[in-house]
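Reading through the structure tokens given below for one structure.
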Amino acid sequence: MRKTIKAAIAIAIAAIIGAPSSEAQFSKFLKKAQKTVEQVTKPQQQATENGAIKVASVPLPNGGTIENPFASAADIELVGAYGKSTSTNYGTVYLVFKVNMKLNKSKIGLGGTESGAKTMAVDYDGNSYFTDSMASQNCDVTEGIPVKVKVDGKFHQFQDVKKSVQAFQVMKVSVYIDASHRGQITLHDIPVQWDVDAD
């Protein structure tokens with residue numbers, strides 16, 4: 001590639017030497033050719049070198065914090081994590097969100113697996129809990145209006161959670177809005193309300 005560019009420059013110089021009136025044009029051409037050579041020979045930098053975007057951690061009204069990398073597309077707020085007893089010592093936990101869609105969308109997918117990352121929760125003893133669905137739960141939303149949505153489908157709840165768990169240290173919840181807005185939100189220090197119905 002370099003040899004081709006150098007050869008093209010040499011031919012251009014030879015052609016222009018015979019025309020002294022085009023000295024200014026030659027100078028411009030030479031600068032342009034030099035810039036092209038630099039662009040071709042300069043190593044390409046990875047976009048990730050400077051591109052890591054820090055997502056703000058926002059306090060939630062009912063305790064804990066949320067990191068929402070999709071804030072430009074939708075305001076997502078966790079209303080609460082609610083536990084339902086299934087036995088003396090265990091239960092399932094479902095989530096309730098309030099979503100204010102900023103884009104002209106009528107659905108948001110919450111839970112499941114997105115881009116290879118599963119929806120999960122970790123308690124303060126280091127125990128991990130997962131949902132049983134690979135697909136997200138589709139929830140109805142409206143642009144510009146906060147809508148409360150329950151992610152409580154049978155396969156979208158955290159299974160076999162110990163009832164001694166009073167809070168999750170971290171939760172990762174998959175989100176799908178559209179092809180440009182997909183991934184996970186991160187929740188920290190989320191209290192669990194056992195055998196209380198969500199309003």
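Please note that chains go A, B, ... in the order of the structure tokens, that every chain numbers its residues from 1, and that ligands are numbered from 1 in the order shown.
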
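Close contacts of A:Tyr176, defined as residues with an atom at most 8 Å away when counting only C-alpha atoms, with chain neighbours fewer than 5 positions off set aside, comprise Ile108, Gly109, Leu110, Glu114, Ser136, His181, Arg182 and Gly183 of chain A.
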
Check the smallest atom-to-atom distance from each of A:Lys54, A:Lys150, A:Lys102, A:Lys84 to A:Ala71 using only C-alpha atoms, then report the winner.
A:Lys102

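Minimum atom-to-atom distances from A:Ala117, A:Ala56, A:Val192, A:Val147 to A:Met101 were compared using only C-alpha atoms, and the lowest value belongs to A:Val147.
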
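You can rank A:Val196, A:Ile66, A:Lys98, A:Ser87 by their closest distance to A:Val141 using only C-alpha atoms, and at the top of that list sits A:Lys98.
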
Contact residues around A:Glu67 with only C-alpha atoms at 10 Å, ignoring same-chain residues under 4 positions, as a compact mmCIF listing (two decimals) with all heavy atoms, in the first residue's frame:
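The file below, part.txt, is the result:
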```
# COMPACT_ATOMS: atom_id res chain seq x y z
N LYS A 54 -18.84 5.92 32.08
CA LYS A 54 -19.21 5.66 33.47
C LYS A 54 -20.69 5.99 33.63
O LYS A 54 -21.13 7.09 33.32
CB LYS A 54 -18.36 6.54 34.40
CG LYS A 54 -18.67 6.40 35.86
CD LYS A 54 -18.05 5.16 36.43
CE LYS A 54 -18.26 5.13 37.94
NZ LYS A 54 -18.49 3.84 38.47
N VAL A 55 -21.46 5.00 34.12
CA VAL A 55 -22.91 5.20 34.32
C VAL A 55 -23.12 5.65 35.76
O VAL A 55 -22.60 5.06 36.70
CB VAL A 55 -23.68 3.89 34.05
CG1 VAL A 55 -25.15 4.07 34.30
CG2 VAL A 55 -23.42 3.42 32.62
N ALA A 56 -23.90 6.71 35.93
CA ALA A 56 -24.16 7.27 37.26
C ALA A 56 -25.00 6.32 38.09
O ALA A 56 -25.91 5.67 37.59
CB ALA A 56 -24.86 8.61 37.13
N SER A 57 -24.69 6.24 39.38
CA SER A 57 -25.45 5.44 40.33
C SER A 57 -26.46 6.37 41.00
O SER A 57 -26.09 7.34 41.65
CB SER A 57 -24.50 4.84 41.37
OG SER A 57 -25.17 3.93 42.18
N VAL A 58 -27.76 6.07 40.81
CA VAL A 58 -28.84 6.95 41.28
C VAL A 58 -29.55 6.30 42.47
O VAL A 58 -29.96 5.13 42.37
CB VAL A 58 -29.84 7.23 40.14
CG1 VAL A 58 -30.99 8.09 40.62
CG2 VAL A 58 -29.13 7.86 38.95
N PRO A 59 -29.73 7.03 43.59
CA PRO A 59 -30.45 6.45 44.73
C PRO A 59 -31.92 6.20 44.39
O PRO A 59 -32.54 6.97 43.66
CB PRO A 59 -30.34 7.53 45.82
CG PRO A 59 -29.33 8.51 45.34
CD PRO A 59 -29.24 8.37 43.85
N ALA A 71 -30.57 5.57 30.13
CA ALA A 71 -31.29 6.73 30.63
C ALA A 71 -31.75 7.67 29.51
O ALA A 71 -32.75 8.36 29.66
CB ALA A 71 -30.43 7.49 31.64
N ILE A 76 -35.81 4.33 34.31
CA ILE A 76 -36.22 3.07 34.94
C ILE A 76 -35.95 3.19 36.43
O ILE A 76 -34.83 3.48 36.85
CB ILE A 76 -35.44 1.88 34.34
CG1 ILE A 76 -35.66 1.80 32.82
CG2 ILE A 76 -35.87 0.57 35.01
CD1 ILE A 76 -34.78 0.77 32.12
N GLU A 77 -36.99 2.97 37.22
CA GLU A 77 -36.88 3.06 38.67
C GLU A 77 -37.43 1.77 39.28
O GLU A 77 -38.51 1.32 38.89
CB GLU A 77 -37.68 4.26 39.18
CG GLU A 77 -37.72 4.41 40.68
CD GLU A 77 -38.69 5.51 41.10
OE1 GLU A 77 -38.63 6.62 40.54
OE2 GLU A 77 -39.54 5.24 41.98
N LYS A 172 -28.51 -7.80 38.55
CA LYS A 172 -28.31 -7.42 37.14
C LYS A 172 -29.57 -7.84 36.40
O LYS A 172 -29.90 -9.03 36.37
CB LYS A 172 -27.10 -8.15 36.56
CG LYS A 172 -25.80 -7.84 37.26
CD LYS A 172 -25.08 -6.74 36.57
CE LYS A 172 -23.68 -6.56 37.12
NZ LYS A 172 -22.97 -5.50 36.45
N GLN A 184 -27.96 -4.49 30.27
CA GLN A 184 -28.41 -4.71 31.64
C GLN A 184 -28.35 -3.43 32.48
O GLN A 184 -27.46 -2.59 32.27
CB GLN A 184 -27.57 -5.78 32.33
CG GLN A 184 -27.80 -7.18 31.80
CD GLN A 184 -27.17 -8.24 32.66
OE1 GLN A 184 -26.03 -8.11 33.08
NE2 GLN A 184 -27.91 -9.31 32.93
N ILE A 185 -29.30 -3.33 33.41
CA ILE A 185 -29.22 -2.32 34.46
C ILE A 185 -28.64 -3.02 35.69
O ILE A 185 -28.76 -4.23 35.83
CB ILE A 185 -30.59 -1.68 34.78
CG1 ILE A 185 -31.62 -2.75 35.16
CG2 ILE A 185 -31.08 -0.82 33.64
CD1 ILE A 185 -32.94 -2.20 35.67
N THR A 186 -28.01 -2.25 36.58
CA THR A 186 -27.40 -2.82 37.78
C THR A 186 -28.02 -2.15 39.00
O THR A 186 -28.12 -0.92 39.07
CB THR A 186 -25.88 -2.59 37.78
OG1 THR A 186 -25.33 -3.15 36.58
CG2 THR A 186 -25.23 -3.26 38.98
N LEU A 187 -28.44 -2.97 39.94
CA LEU A 187 -29.05 -2.49 41.18
C LEU A 187 -28.17 -2.93 42.35
O LEU A 187 -27.64 -4.04 42.35
CB LEU A 187 -30.45 -3.07 41.35
CG LEU A 187 -31.41 -2.83 40.19
CD1 LEU A 187 -32.45 -3.92 40.10
CD2 LEU A 187 -32.07 -1.48 40.33
N HIS A 188 -28.03 -2.06 43.34
CA HIS A 188 -27.22 -2.37 44.52
C HIS A 188 -28.05 -2.18 45.79
O HIS A 188 -28.85 -1.26 45.89
CB HIS A 188 -25.99 -1.46 44.60
CG HIS A 188 -25.01 -1.67 43.49
ND1 HIS A 188 -24.06 -2.67 43.51
CD2 HIS A 188 -24.83 -1.01 42.32
CE1 HIS A 188 -23.34 -2.61 42.41
NE2 HIS A 188 -23.79 -1.62 41.67
```

Quick one: DSSP alpha helix (DSSP H) residues in stretch 34-157 of chain A, as a VMD selection string?
chain A and resid 34 to 41 48 to 51

Counting only C-alpha atoms, what is within 10 Å of A:Asp199, bar same-chain residues fewer than 5 positions away, as a tab-separated table (two decimals) with all heavy atoms, in the first residue's frame?
```tsv
chain	number	residue	atom	x	y	z
A	79	VAL	N	-39.38	-0.03	41.93
A	79	VAL	CA	-40.34	0.24	43.00
A	79	VAL	C	-40.04	-0.67	44.18
A	79	VAL	O	-40.06	-0.24	45.33
A	79	VAL	CB	-41.79	0.03	42.50
A	79	VAL	CG1	-42.79	0.18	43.64
A	79	VAL	CG2	-42.10	1.01	41.37
A	80	GLY	N	-39.75	-1.96	43.90
A	80	GLY	CA	-39.41	-2.88	44.97
A	80	GLY	C	-39.19	-4.30	44.51
A	80	GLY	O	-39.55	-4.67	43.39
A	96	VAL	N	-40.78	-5.05	40.69
A	96	VAL	CA	-41.73	-4.08	40.15
A	96	VAL	C	-40.94	-2.81	39.81
A	96	VAL	O	-40.18	-2.30	40.64
A	96	VAL	CB	-42.85	-3.75	41.16
A	96	VAL	CG1	-43.79	-2.69	40.58
A	96	VAL	CG2	-43.63	-5.01	41.53
A	148	LYS	N	-46.10	1.66	35.85
A	148	LYS	CA	-45.64	0.63	36.77
A	148	LYS	C	-45.77	-0.73	36.09
A	148	LYS	O	-46.84	-1.05	35.57
A	148	LYS	CB	-46.46	0.67	38.06
A	148	LYS	CG	-45.81	-0.06	39.23
A	148	LYS	CD	-46.66	0.01	40.48
A	148	LYS	CE	-46.56	1.36	41.14
A	148	LYS	NZ	-47.24	1.38	42.47
```

I want to know what sits within 8 Å of A:Gln169, based on only C-alpha atoms, with residues of the same chain fewer than 6 positions away left out; could you give that as JSON, numbers by chain?
{"A": [121, 122, 123, 124, 188, 189, 190]}

Take the residues that were just selected and, keeping all heavy atoms, output them as a compact mmCIF listing (two decimals), in the first residue's frame.
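As a result, result_37.txt now contains:
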```
# COMPACT_ATOMS: atom_id res chain seq x y z
N ALA A 121 -29.23 -12.22 40.73
CA ALA A 121 -29.15 -11.49 41.99
C ALA A 121 -28.17 -12.22 42.90
O ALA A 121 -28.04 -13.44 42.84
CB ALA A 121 -30.53 -11.41 42.65
N VAL A 122 -27.47 -11.46 43.74
CA VAL A 122 -26.53 -12.03 44.69
C VAL A 122 -26.84 -11.47 46.07
O VAL A 122 -26.93 -10.25 46.24
CB VAL A 122 -25.07 -11.70 44.31
CG1 VAL A 122 -24.09 -12.32 45.30
CG2 VAL A 122 -24.75 -12.15 42.89
N ASP A 123 -27.02 -12.38 47.06
CA ASP A 123 -27.32 -11.90 48.41
C ASP A 123 -26.02 -11.59 49.16
O ASP A 123 -24.91 -11.75 48.61
CB ASP A 123 -28.21 -12.90 49.17
CG ASP A 123 -27.52 -14.22 49.47
OD1 ASP A 123 -26.27 -14.28 49.47
OD2 ASP A 123 -28.23 -15.21 49.71
N TYR A 124 -26.13 -11.15 50.41
CA TYR A 124 -24.94 -10.74 51.16
C TYR A 124 -24.10 -11.91 51.67
O TYR A 124 -22.99 -11.70 52.16
CB TYR A 124 -25.35 -9.82 52.32
CG TYR A 124 -25.58 -8.41 51.83
CD1 TYR A 124 -26.85 -8.00 51.42
CD2 TYR A 124 -24.54 -7.51 51.73
CE1 TYR A 124 -27.05 -6.72 50.95
CE2 TYR A 124 -24.73 -6.22 51.26
CZ TYR A 124 -25.99 -5.83 50.87
OH TYR A 124 -26.18 -4.56 50.39
N HIS A 188 -28.03 -2.06 43.34
CA HIS A 188 -27.22 -2.37 44.52
C HIS A 188 -28.05 -2.18 45.79
O HIS A 188 -28.85 -1.26 45.89
CB HIS A 188 -25.99 -1.46 44.60
CG HIS A 188 -25.01 -1.67 43.49
ND1 HIS A 188 -24.06 -2.67 43.51
CD2 HIS A 188 -24.83 -1.01 42.32
CE1 HIS A 188 -23.34 -2.61 42.41
NE2 HIS A 188 -23.79 -1.62 41.67
N ASP A 189 -27.79 -3.06 46.79
CA ASP A 189 -28.38 -2.93 48.13
C ASP A 189 -29.91 -2.84 48.10
O ASP A 189 -30.50 -1.91 48.65
CB ASP A 189 -27.80 -1.70 48.86
CG ASP A 189 -26.27 -1.72 48.86
OD1 ASP A 189 -25.70 -2.79 49.14
OD2 ASP A 189 -25.66 -0.68 48.57
N ILE A 190 -30.53 -3.82 47.46
CA ILE A 190 -31.98 -3.81 47.25
C ILE A 190 -32.68 -4.62 48.33
O ILE A 190 -32.49 -5.84 48.43
CB ILE A 190 -32.33 -4.37 45.86
CG1 ILE A 190 -31.65 -3.54 44.76
CG2 ILE A 190 -33.84 -4.41 45.66
CD1 ILE A 190 -31.99 -2.07 44.76
```

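Atom CA of A:Lys162 sits 16.9 Å away from atom CA of A:Asp132.
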
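The gap separating atom CA of A:Val175 from atom CA of A:Ala73 is 11.3 Å, in Å to one decimal.
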